[in-house]
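Participant: Got a structure for you, written out below as structure tokens; questions coming shortly.
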Amino acid sequence: SVIGNDIHRINRINTSTGYGVFFTTGYGAHNISYNKIHQLTEQNKTGTNATYGIYVSADGTANRINRVFNNVIYGLETNGTQYCLYNGGGDNTKMYYNTVNIYNPSGTAGLVYGIYKGTAAVNTEYKNNNIYINKGGSGNKTALYLSVTTNPIKSNFNNLYVENIGTGLNNVGRWGTTDYATLATWQAANSAAFDSASVSADPLFVAGTSKPGSASLNNAAQPIAGITADHIVTGK
């Protein structure tokens, strides 16, 4: 398990591909929670190396679910590709109550993915996540990117917001090879399988915190059994 860490590379001058948390092997029941992941490229904000906030490709099992919850990812300023929450094919992996805050309006390049599912995996779920992307430049930005159309995927009760900025595409979702620019079009994708109860709103983070101030997010989540506190350890 990786729980309650403050993960960064604030003082590292020579940066390469960066990972906040990296799981590729194991026998399931991984618990990645209550971590703060930030400033992985602080000393090289114009670099083009890829960054991953949380990378999971290890399989869980039906009885030993991988759970990624109540993590906060912010301050990832780079012109490289950013994978904030990445599932590289980990079966039985569920992501709940995570906050992604990508604020870099002066960025000039680099793709951004709030949640990225790379290859086929069974029993994956994305629920109650707050995804906010506000980055300039030529790279495409996508809140929820599902690159494969095999295996059922559950996604709902999220906030999926991408600011309309820069010259690249700004999309709420992607399913296979099709982009969806708005929440309404995304909700109609794949026979209305995704995010029927989700919202798309600027969370209006309270200054200096990851706490949303927007009334649009009040009571927008759905309770998850066993998770009773948020990332600042207050009752939900």
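Residues in the structure tokens are named by chain (A, B, ... in the order shown) and by number from 1 within that chain; ligands are numbered from 1 in the order shown.
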Do you know which residues are at most 6 Å from stretch 114-116 of chain A counting only C-alpha atoms, after dropping those on the same chain fewer than 6 positions away, and could you put them as a ChimeraX atom specification?
Facilitator: /A:84-86,131,143-145
Participant: Within 12 Å of stretch 123-126 of chain A, which residues of stretch 7-111 of chain A come that close, and what is the closest atom pair and distance in Å for each? Count only C-alpha atoms and give it as JSON lines.
Facilitator:
```
{"residue": "A:Val56", "atom": "CA", "partner": "A:Thr124", "partner_atom": "CA", "distance": 11.8}
{"residue": "A:Ser57", "atom": "CA", "partner": "A:Thr124", "partner_atom": "CA", "distance": 11.7}
{"residue": "A:Asp59", "atom": "CA", "partner": "A:Asn123", "partner_atom": "CA", "distance": 10.3}
{"residue": "A:Gly60", "atom": "CA", "partner": "A:Asn123", "partner_atom": "CA", "distance": 9.4}
{"residue": "A:Thr61", "atom": "CA", "partner": "A:Asn123", "partner_atom": "CA", "distance": 9.1}
{"residue": "A:Ala62", "atom": "CA", "partner": "A:Asn123", "partner_atom": "CA", "distance": 8.2}
{"residue": "A:Asn63", "atom": "CA", "partner": "A:Asn123", "partner_atom": "CA", "distance": 11.5}
{"residue": "A:Arg64", "atom": "CA", "partner": "A:Asn123", "partner_atom": "CA", "distance": 11.7}
{"residue": "A:Ile65", "atom": "CA", "partner": "A:Asn123", "partner_atom": "CA", "distance": 9.2}
{"residue": "A:Asn66", "atom": "CA", "partner": "A:Thr124", "partner_atom": "CA", "distance": 9.4}
{"residue": "A:Arg67", "atom": "CA", "partner": "A:Glu125", "partner_atom": "CA", "distance": 9.6}
{"residue": "A:Val68", "atom": "CA", "partner": "A:Tyr126", "partner_atom": "CA", "distance": 9.6}
{"residue": "A:Phe69", "atom": "CA", "partner": "A:Tyr126", "partner_atom": "CA", "distance": 9.9}
{"residue": "A:Leu85", "atom": "CA", "partner": "A:Tyr126", "partner_atom": "CA", "distance": 10.3}
{"residue": "A:Tyr86", "atom": "CA", "partner": "A:Tyr126", "partner_atom": "CA", "distance": 11.4}
{"residue": "A:Asn87", "atom": "CA", "partner": "A:Thr124", "partner_atom": "CA", "distance": 9.1}
{"residue": "A:Gly88", "atom": "CA", "partner": "A:Thr124", "partner_atom": "CA", "distance": 11.3}
{"residue": "A:Gly89", "atom": "CA", "partner": "A:Thr124", "partner_atom": "CA", "distance": 9.4}
{"residue": "A:Gly90", "atom": "CA", "partner": "A:Thr124", "partner_atom": "CA", "distance": 8.2}
{"residue": "A:Asp91", "atom": "CA", "partner": "A:Asn123", "partner_atom": "CA", "distance": 6.2}
{"residue": "A:Asn92", "atom": "CA", "partner": "A:Asn123", "partner_atom": "CA", "distance": 4.7}
{"residue": "A:Thr93", "atom": "CA", "partner": "A:Thr124", "partner_atom": "CA", "distance": 5.1}
{"residue": "A:Lys94", "atom": "CA", "partner": "A:Glu125", "partner_atom": "CA", "distance": 4.7}
{"residue": "A:Met95", "atom": "CA", "partner": "A:Tyr126", "partner_atom": "CA", "distance": 4.9}
{"residue": "A:Tyr96", "atom": "CA", "partner": "A:Tyr126", "partner_atom": "CA", "distance": 6.1}
{"residue": "A:Tyr97", "atom": "CA", "partner": "A:Tyr126", "partner_atom": "CA", "distance": 8.8}
{"residue": "A:Asn98", "atom": "CA", "partner": "A:Tyr126", "partner_atom": "CA", "distance": 9.4}
```
Participant: Got a sec: who's within 10 Å of A:Val72, counting only C-alpha atoms, leaving out chain neighbours fewer than 4 positions off, as a PyMOL selection string?
Facilitator: chain A and resi 6+33-38+53+84+97-101+130+210+231-232
Participant: Go ahead and write the residues just picked, all heavy atoms, as a compact mmCIF listing (two decimals), in the first residue's frame.
Facilitator:
```
# COMPACT_ATOMS: atom_id res chain seq x y z
N ASP A 6 3.55 12.64 0.68
CA ASP A 6 3.72 13.89 -0.06
C ASP A 6 4.83 13.65 -1.07
O ASP A 6 6.01 13.56 -0.72
CB ASP A 6 4.10 15.02 0.91
CG ASP A 6 4.15 16.38 0.24
OD1 ASP A 6 3.91 16.46 -0.98
OD2 ASP A 6 4.45 17.37 0.93
N SER A 33 -3.80 5.66 -1.60
CA SER A 33 -4.80 6.60 -1.08
C SER A 33 -4.15 7.71 -0.25
O SER A 33 -3.07 7.55 0.31
CB SER A 33 -5.83 5.86 -0.23
OG SER A 33 -5.21 5.18 0.85
N TYR A 34 -4.84 8.84 -0.21
CA TYR A 34 -4.47 9.99 0.64
C TYR A 34 -3.06 10.50 0.34
O TYR A 34 -2.36 10.98 1.23
CB TYR A 34 -4.62 9.64 2.13
CG TYR A 34 -6.01 9.22 2.51
CD1 TYR A 34 -6.33 7.88 2.72
CD2 TYR A 34 -7.04 10.16 2.62
CE1 TYR A 34 -7.61 7.49 3.04
CE2 TYR A 34 -8.33 9.78 2.95
CZ TYR A 34 -8.61 8.44 3.16
OH TYR A 34 -9.88 8.06 3.47
N ASN A 35 -2.64 10.38 -0.91
CA ASN A 35 -1.34 10.91 -1.31
C ASN A 35 -1.49 12.26 -2.01
O ASN A 35 -2.47 12.50 -2.71
CB ASN A 35 -0.65 9.93 -2.26
CG ASN A 35 -0.39 8.59 -1.62
OD1 ASN A 35 0.45 8.45 -0.74
ND2 ASN A 35 -1.13 7.57 -2.06
N LYS A 36 -0.52 13.13 -1.81
CA LYS A 36 -0.40 14.37 -2.55
C LYS A 36 0.76 14.22 -3.53
O LYS A 36 1.89 13.96 -3.12
CB LYS A 36 -0.15 15.56 -1.62
CG LYS A 36 -1.28 15.86 -0.67
CD LYS A 36 -1.10 17.21 0.02
CE LYS A 36 0.18 17.23 0.84
NZ LYS A 36 0.35 18.54 1.55
N ILE A 37 0.47 14.39 -4.83
CA ILE A 37 1.48 14.23 -5.87
C ILE A 37 1.54 15.53 -6.65
O ILE A 37 0.54 15.97 -7.23
CB ILE A 37 1.11 13.05 -6.79
CG1 ILE A 37 1.03 11.75 -5.96
CG2 ILE A 37 2.12 12.91 -7.92
CD1 ILE A 37 0.39 10.60 -6.68
N HIS A 38 2.70 16.15 -6.67
CA HIS A 38 2.76 17.51 -7.24
C HIS A 38 4.19 17.86 -7.63
O HIS A 38 5.15 17.22 -7.21
CB HIS A 38 2.24 18.53 -6.22
CG HIS A 38 2.98 18.50 -4.89
ND1 HIS A 38 3.91 19.44 -4.56
CD2 HIS A 38 2.90 17.64 -3.84
CE1 HIS A 38 4.39 19.17 -3.34
NE2 HIS A 38 3.79 18.08 -2.89
N GLY A 53 1.03 10.78 -12.78
CA GLY A 53 0.73 10.98 -11.37
C GLY A 53 0.67 9.64 -10.65
O GLY A 53 1.47 9.37 -9.75
N CYS A 84 -2.44 11.77 -15.63
CA CYS A 84 -2.62 12.04 -14.20
C CYS A 84 -2.99 10.78 -13.43
O CYS A 84 -2.34 10.43 -12.45
CB CYS A 84 -3.65 13.14 -14.02
SG CYS A 84 -3.17 14.68 -14.85
N TYR A 97 -12.89 9.22 -5.83
CA TYR A 97 -12.65 10.44 -5.01
C TYR A 97 -11.27 11.07 -5.23
O TYR A 97 -10.74 11.71 -4.32
CB TYR A 97 -12.79 10.13 -3.52
CG TYR A 97 -14.17 9.77 -3.04
CD1 TYR A 97 -14.42 8.51 -2.50
CD2 TYR A 97 -15.22 10.68 -3.07
CE1 TYR A 97 -15.68 8.17 -2.03
CE2 TYR A 97 -16.48 10.36 -2.60
CZ TYR A 97 -16.71 9.10 -2.08
OH TYR A 97 -17.94 8.77 -1.61
N ASN A 98 -10.69 10.90 -6.39
CA ASN A 98 -9.40 11.54 -6.65
C ASN A 98 -9.61 12.94 -7.23
O ASN A 98 -10.58 13.19 -7.95
CB ASN A 98 -8.58 10.70 -7.63
CG ASN A 98 -8.29 9.32 -7.08
OD1 ASN A 98 -7.48 9.17 -6.18
ND2 ASN A 98 -8.96 8.30 -7.61
N THR A 99 -8.71 13.84 -6.91
CA THR A 99 -8.74 15.20 -7.44
C THR A 99 -7.54 15.42 -8.35
O THR A 99 -6.40 15.18 -7.95
CB THR A 99 -8.72 16.23 -6.31
OG1 THR A 99 -9.92 16.12 -5.53
CG2 THR A 99 -8.62 17.65 -6.86
N VAL A 100 -7.81 15.85 -9.57
CA VAL A 100 -6.76 16.24 -10.52
C VAL A 100 -6.94 17.72 -10.82
O VAL A 100 -8.00 18.14 -11.30
CB VAL A 100 -6.84 15.41 -11.81
CG1 VAL A 100 -5.91 15.98 -12.87
CG2 VAL A 100 -6.51 13.95 -11.53
N ASN A 101 -5.93 18.50 -10.53
CA ASN A 101 -5.98 19.94 -10.75
C ASN A 101 -4.78 20.34 -11.60
O ASN A 101 -3.67 20.54 -11.09
CB ASN A 101 -5.96 20.68 -9.41
CG ASN A 101 -5.98 22.20 -9.57
OD1 ASN A 101 -6.05 22.72 -10.67
ND2 ASN A 101 -5.89 22.91 -8.45
N ASN A 130 -12.78 14.22 -9.35
CA ASN A 130 -12.89 15.63 -9.72
C ASN A 130 -11.72 15.96 -10.64
O ASN A 130 -10.58 16.09 -10.19
CB ASN A 130 -12.85 16.50 -8.46
CG ASN A 130 -13.06 17.98 -8.76
OD1 ASN A 130 -13.43 18.36 -9.86
ND2 ASN A 130 -12.82 18.83 -7.77
N SER A 210 -7.19 22.18 -2.40
CA SER A 210 -7.85 21.36 -3.41
C SER A 210 -9.33 21.17 -3.09
O SER A 210 -9.97 20.26 -3.59
CB SER A 210 -7.15 20.00 -3.52
OG SER A 210 -7.14 19.36 -2.26
N HIS A 231 -9.62 13.60 1.24
CA HIS A 231 -8.16 13.65 1.21
C HIS A 231 -7.57 14.56 2.26
O HIS A 231 -6.35 14.52 2.48
CB HIS A 231 -7.68 14.07 -0.19
CG HIS A 231 -8.21 15.38 -0.65
ND1 HIS A 231 -9.36 15.48 -1.42
CD2 HIS A 231 -7.79 16.66 -0.45
CE1 HIS A 231 -9.60 16.75 -1.68
NE2 HIS A 231 -8.67 17.48 -1.10
N ILE A 232 -8.37 15.37 2.93
CA ILE A 232 -7.85 16.13 4.07
C ILE A 232 -8.38 15.51 5.38
O ILE A 232 -8.37 16.11 6.42
CB ILE A 232 -8.20 17.62 3.98
CG1 ILE A 232 -9.70 17.84 3.75
CG2 ILE A 232 -7.39 18.29 2.89
CD1 ILE A 232 -10.08 19.32 3.78
```
Participant: Residues within 10 Å of stretch 187-203 of chain A, please, as a ChimeraX atom specification. Count only C-alpha atoms; anything in the same chain fewer than 3 positions from it doesn't count.
Facilitator: /A:101,126-134,143,149,152-163,172-175,178-180,182-184,206,210-217,220-222
Participant: In Å, with one decimal, what is the gap from atom CA of A:Gly166 to atom CA of A:Lys135?
Facilitator: 7.1 Å
Participant: Step one, run DSSP on the backbone; step two, keep only residues of stretch 19-226 of chain A assigned to alpha helix (DSSP H); then write them as a short mmCIF file (atom, residue, chain, number, x, y, z; two decimals) with N, CA and C atoms, in the first residue's frame.
Facilitator:
```
data_model
loop_
_atom_site.label_atom_id
_atom_site.label_comp_id
_atom_site.auth_asym_id
_atom_site.auth_seq_id
_atom_site.Cartn_x
_atom_site.Cartn_y
_atom_site.Cartn_z
N LEU A 183 -20.01 17.28 -22.20
CA LEU A 183 -20.55 16.23 -21.35
C LEU A 183 -21.78 15.60 -22.00
N ALA A 184 -22.61 16.39 -22.64
CA ALA A 184 -23.83 15.86 -23.26
C ALA A 184 -23.51 14.84 -24.34
N THR A 185 -22.54 15.13 -25.19
CA THR A 185 -22.18 14.17 -26.24
C THR A 185 -21.51 12.94 -25.65
N TRP A 186 -20.73 13.14 -24.61
CA TRP A 186 -20.08 12.02 -23.94
C TRP A 186 -21.11 11.11 -23.29
N GLN A 187 -22.12 11.67 -22.69
CA GLN A 187 -23.15 10.87 -22.03
C GLN A 187 -23.95 10.05 -23.04
N ALA A 188 -23.97 10.47 -24.28
CA ALA A 188 -24.69 9.73 -25.32
C ALA A 188 -23.83 8.66 -25.98
N ALA A 189 -22.54 8.64 -25.69
CA ALA A 189 -21.63 7.69 -26.33
C ALA A 189 -21.89 6.27 -25.84
N ASN A 190 -21.56 5.30 -26.68
CA ASN A 190 -21.62 3.89 -26.31
C ASN A 190 -22.97 3.53 -25.66
N SER A 191 -24.05 3.93 -26.33
CA SER A 191 -25.41 3.65 -25.84
C SER A 191 -25.63 4.21 -24.44
N ALA A 192 -25.10 5.41 -24.23
CA ALA A 192 -25.29 6.13 -22.96
C ALA A 192 -24.74 5.35 -21.76
#
```
Participant: Per DSSP on the backbone, filter stretch 153-232 of chain A down to the residues in strand (DSSP E or B) and report them as a PyMOL selection string.
Facilitator: chain A and resi 153-156+159-162+170-175+178-180+199+205+212+229
Participant: What does the distance between atom CA of A:Leu169 and atom CA of A:Gly139 come to in Å, to one decimal place?
Facilitator: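 Here the two named atoms are 7.2 Å from each other.
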Participant: Hey, can you check how far atom CA of A:Glu42 sits from atom CA of A:Asn104?
Facilitator: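 According to the coordinates, atom CA of A:Glu42 and atom CA of A:Asn104 are separated by 12.2 Å.
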Participant: Using only C-alpha atoms, pick whichever of A:Asn140, A:Tyr103, A:Tyr19, A:Asn151 has the shortest atom-to-atom distance to A:Val122.
Facilitator: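 Nearest to A:Val122: A:Asn151.
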Participant: If we count only C-alpha atoms and set the cut-off at 9 Å, which residues sit around A:Thr150, ignoring sequence neighbours fewer than 4 positions away in its own chain? Please answer as an MDAnalysis selection string.
Facilitator: chainID A and resid 119:122
Participant: Any chance you can output those residues with N, CA and C atoms as an mmCIF file, in the first residue's frame?
Facilitator:
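Written out: out_24.cif:
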```cif
data_model
loop_
_atom_site.group_PDB
_atom_site.id
_atom_site.type_symbol
_atom_site.label_atom_id
_atom_site.label_comp_id
_atom_site.auth_asym_id
_atom_site.auth_seq_id
_atom_site.Cartn_x
_atom_site.Cartn_y
_atom_site.Cartn_z
ATOM 1 N N THR A 119 -5.138 -0.078 -22.006
ATOM 2 C CA THR A 119 -5.395 -1.350 -22.682
ATOM 3 C C THR A 119 -6.557 -2.055 -21.992
ATOM 4 N N ALA A 120 -6.998 -3.143 -22.594
ATOM 5 C CA ALA A 120 -8.170 -3.859 -22.081
ATOM 6 C C ALA A 120 -7.946 -4.342 -20.652
ATOM 7 N N ALA A 121 -8.969 -4.195 -19.837
ATOM 8 C CA ALA A 121 -8.934 -4.654 -18.450
ATOM 9 C C ALA A 121 -10.362 -4.855 -17.975
ATOM 10 N N VAL A 122 -10.574 -5.876 -17.171
ATOM 11 C CA VAL A 122 -11.925 -6.175 -16.695
ATOM 12 C C VAL A 122 -12.178 -5.535 -15.336
#
```
